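What follows is a single structure, written as structure tokens, with notes after it.
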Amino acid sequence: LTADQYTTAVASKNTIGSLIVTGVDLASAIALAADLNISKIVVASGTSVSNLSAAAFTGSYKAALDKIYQSDGTTPVTINLTDVLATDAASMAADAHVTSLSLAATTLTASQYTTAVASKDSTTGLTITGVSAANADTIATDPKVISLTLASKTLTAAQYTPNVASMSATTGLTITGVSPANAGTVAADSKVRYITLANSTLTADQYTGAVASKALTSLTITGVAIADALTVATNLNVAKVYVSAPDTDIALSASAYLTYKSRFLKLYQSDGVGLITATISGASASQAINTFIPDQRVGSLAVFDTSANLLTYYDQLAAAWPKVAQIVSSD
């Protein structure tokens, strides 16, 4: 029957089920669908029921909507929902009749902000909480999202994209597999607590103060100025320091060398093989014989001691020439 034929009187007296009513005004279709004798309604025009409150989208309303089709008789009529609760968003967005929705709140969990919700939602300024590392970039690139929190504080460098870095409100992060080229940028991020590196060798320029304080990887630093070598070697995570050519020697007092010995052992020439050596000043005769002369890291030394001590060790000191380059009496 057409809508004009299916009058109120016909509806009240009809005993036949499975009716199809065509040419129905879209605004009247939902009410007409409550008629149990009607199995299908074809509207005269229109494709969607606009701006229905989510609270009204009940089971009976959905059952009614299942009967309503566009004028071609095969395409279902759709609906736009408003004021959808975060807890209902996923189920409502999954409904095939729902083509768009707006949310009652702007904060959702990652499980509530499903792919269907993301595709149908028109609400902007969203904050998504508990986002997995694997989905972080997808959420962060959504133009409707302005902030997110992460479910885990450990992400790979590939997961910690610039978008995630700018959107994430989570602090204390550990970023793994960071390239040397990006180490300085990632380490400078105030939300990052630690980094591990994909390659353990960095240049001096890549080894910034932030990298030094946050890197957990055992590192080799190349191209280091000799004046900075002992400072760079201070970091316990630095295993080797390659000093930039052509420098091969550092001048130190005997006491300073003994203080910095553990750092000095990390220093190598630019080829990574040759040792950086020390020129020692102010060594006592005893120190020279027992400590410095046997040390392959000591290139040369100047001995400064009393005449008595020098006489005691003179033959041994003389035999160590030219490593013992100078002997001076203190008295």
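Residue numbering restarts at 1 in every chain; chains get A, B, ... in the order shown in the structure tokens, and ligands count up from 1 in that same order.
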### Query
Which residues come within 12 Å of Ile68 in chain A, counting only C-alpha atoms, excluding same-chain residues fewer than 3 positions away, as a PyMOL selection string?
chain A and resi 20-34+38-49+61-65+71-79+97
Could you write those residues out with N, CA and C atoms, as a compact mmCIF listing (two decimals), in the first residue's frame?
# COMPACT_ATOMS: atom_id res chain seq x y z
N ILE A 20 3.89 -3.84 3.28
CA ILE A 20 4.90 -2.88 2.81
C ILE A 20 4.17 -1.59 2.50
N VAL A 21 4.59 -0.52 3.14
CA VAL A 21 3.96 0.79 2.93
C VAL A 21 4.98 1.70 2.27
N THR A 22 4.61 2.28 1.13
CA THR A 22 5.54 3.12 0.37
C THR A 22 5.10 4.58 0.39
N GLY A 23 6.06 5.44 -0.01
CA GLY A 23 5.77 6.86 -0.12
C GLY A 23 5.52 7.53 1.22
N VAL A 24 6.13 7.00 2.29
CA VAL A 24 5.91 7.53 3.65
C VAL A 24 6.82 8.73 3.90
N ASP A 25 6.26 9.74 4.54
CA ASP A 25 7.07 10.91 4.92
C ASP A 25 8.09 10.46 5.96
N LEU A 26 9.35 10.87 5.79
CA LEU A 26 10.42 10.41 6.69
C LEU A 26 10.14 10.77 8.14
N ALA A 27 9.55 11.92 8.37
CA ALA A 27 9.27 12.37 9.74
C ALA A 27 8.24 11.48 10.43
N SER A 28 7.42 10.80 9.63
CA SER A 28 6.36 9.96 10.20
C SER A 28 6.75 8.48 10.26
N ALA A 29 7.88 8.16 9.66
CA ALA A 29 8.23 6.76 9.47
C ALA A 29 8.45 6.00 10.77
N ILE A 30 9.11 6.61 11.74
CA ILE A 30 9.41 5.92 13.00
C ILE A 30 8.13 5.56 13.73
N ALA A 31 7.19 6.49 13.79
CA ALA A 31 5.93 6.23 14.47
C ALA A 31 5.15 5.12 13.76
N LEU A 32 5.17 5.17 12.43
CA LEU A 32 4.45 4.16 11.65
C LEU A 32 5.06 2.78 11.83
N ALA A 33 6.36 2.73 12.02
CA ALA A 33 7.06 1.46 12.16
C ALA A 33 6.65 0.70 13.42
N ALA A 34 6.00 1.37 14.35
CA ALA A 34 5.53 0.69 15.56
C ALA A 34 4.37 -0.27 15.26
N ILE A 38 3.21 -4.04 9.91
CA ILE A 38 4.07 -3.51 8.86
C ILE A 38 5.45 -4.12 8.99
N SER A 39 5.96 -4.69 7.90
CA SER A 39 7.30 -5.28 7.92
C SER A 39 8.32 -4.39 7.22
N LYS A 40 7.83 -3.47 6.35
CA LYS A 40 8.76 -2.62 5.61
C LYS A 40 8.11 -1.30 5.26
N ILE A 41 8.89 -0.23 5.45
CA ILE A 41 8.42 1.11 5.10
C ILE A 41 9.42 1.71 4.13
N VAL A 42 8.89 2.24 3.01
CA VAL A 42 9.74 2.92 2.02
C VAL A 42 9.37 4.39 2.04
N VAL A 43 10.34 5.24 2.37
CA VAL A 43 10.04 6.68 2.49
C VAL A 43 9.99 7.32 1.11
N ALA A 44 9.27 8.43 1.04
CA ALA A 44 9.14 9.15 -0.24
C ALA A 44 10.45 9.82 -0.63
N SER A 45 11.16 10.36 0.37
CA SER A 45 12.44 11.03 0.12
C SER A 45 13.21 11.13 1.43
N GLY A 46 14.50 11.47 1.28
CA GLY A 46 15.34 11.60 2.47
C GLY A 46 16.14 10.33 2.73
N THR A 47 17.26 10.49 3.40
CA THR A 47 18.15 9.35 3.65
C THR A 47 18.49 9.14 5.12
N SER A 48 18.24 10.18 5.95
CA SER A 48 18.72 10.08 7.33
C SER A 48 17.80 10.79 8.30
N VAL A 49 17.68 10.21 9.49
CA VAL A 49 16.99 10.87 10.60
C VAL A 49 18.02 11.70 11.34
N TYR A 61 13.34 1.68 19.25
CA TYR A 61 13.63 2.61 18.17
C TYR A 61 14.48 1.92 17.10
N LYS A 62 15.45 1.13 17.54
CA LYS A 62 16.29 0.41 16.58
C LYS A 62 15.47 -0.59 15.78
N ALA A 63 14.52 -1.26 16.47
CA ALA A 63 13.66 -2.22 15.77
C ALA A 63 12.81 -1.53 14.72
N ALA A 64 12.35 -0.33 15.06
CA ALA A 64 11.56 0.44 14.10
C ALA A 64 12.42 0.86 12.91
N LEU A 65 13.64 1.28 13.21
CA LEU A 65 14.54 1.75 12.16
C LEU A 65 14.89 0.62 11.19
N SER A 71 13.96 5.62 -0.64
CA SER A 71 12.97 5.52 -1.72
C SER A 71 13.26 4.41 -2.72
N ASP A 72 14.53 3.94 -2.77
CA ASP A 72 14.85 2.84 -3.70
C ASP A 72 14.37 1.49 -3.18
N GLY A 73 13.94 1.47 -1.91
CA GLY A 73 13.39 0.25 -1.33
C GLY A 73 14.41 -0.75 -0.84
N THR A 74 15.71 -0.46 -1.03
CA THR A 74 16.75 -1.43 -0.63
C THR A 74 17.78 -0.84 0.33
N THR A 75 17.95 0.47 0.30
CA THR A 75 18.97 1.11 1.14
C THR A 75 18.35 1.56 2.46
N PRO A 76 18.86 1.07 3.61
CA PRO A 76 18.28 1.47 4.90
C PRO A 76 18.43 2.97 5.15
N VAL A 77 17.47 3.52 5.84
CA VAL A 77 17.56 4.91 6.31
C VAL A 77 18.56 4.95 7.46
N THR A 78 19.40 5.98 7.49
CA THR A 78 20.41 6.10 8.53
C THR A 78 20.01 7.16 9.55
N ILE A 79 20.89 7.33 10.58
CA ILE A 79 20.57 8.23 11.68
C ILE A 79 21.81 8.93 12.20
N HIS A 97 23.07 1.54 11.12
CA HIS A 97 22.19 2.68 10.82
C HIS A 97 22.83 4.02 11.18
Sorted by chain and rising residue number, which residues of range 161-255 of chain A lie within 10 Å of range 124-130 of chain A, and what are their closest atom pairs and distances in Å to one decimal, counting only C-alpha atoms, as a tab-separated table?
residue	atom	partner	partner_atom	distance
A:Met167	CA	A:Thr127	CA	9.4
A:Ser168	CA	A:Ile128	CA	9.6
A:Ala169	CA	A:Thr129	CA	9.5
A:Thr170	CA	A:Thr129	CA	9.8
Store the residues of this selection in a file with C-alpha atoms, as a tab-separated table (two decimals), in the first residue's frame.
chain	number	residue	atom	x	y	z
A	167	MET	CA	50.10	14.87	21.89
A	168	SER	CA	51.14	12.61	24.76
A	169	ALA	CA	50.70	13.84	28.31
A	170	THR	CA	52.45	10.80	29.79
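Here CA of Thr58 in chain A is placed at a distance of 11.8 Å from CA of Leu81 in chain A.
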### Task
Tell me, in Å to one decimal, how far CA of Thr185 in chain A is from CA of Gln269 in chain A.
28.1 Å
### Query
Hey, what does DSSP flag as strand (DSSP E) within range 16-164 of chain A? Can you give it to me as a PyMOL selection string?
chain A and resi 19-24+38-43+48-53+68-69+78-84+98-103+107-109+126-131+145-150+154-156
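By only C-alpha atoms, and with residues fewer than 6 positions from Thr277 in chain A along its chain excluded, the set lying at most 6 Å from it is Asp249, Arg297, Val298 and Gly299 of chain A.
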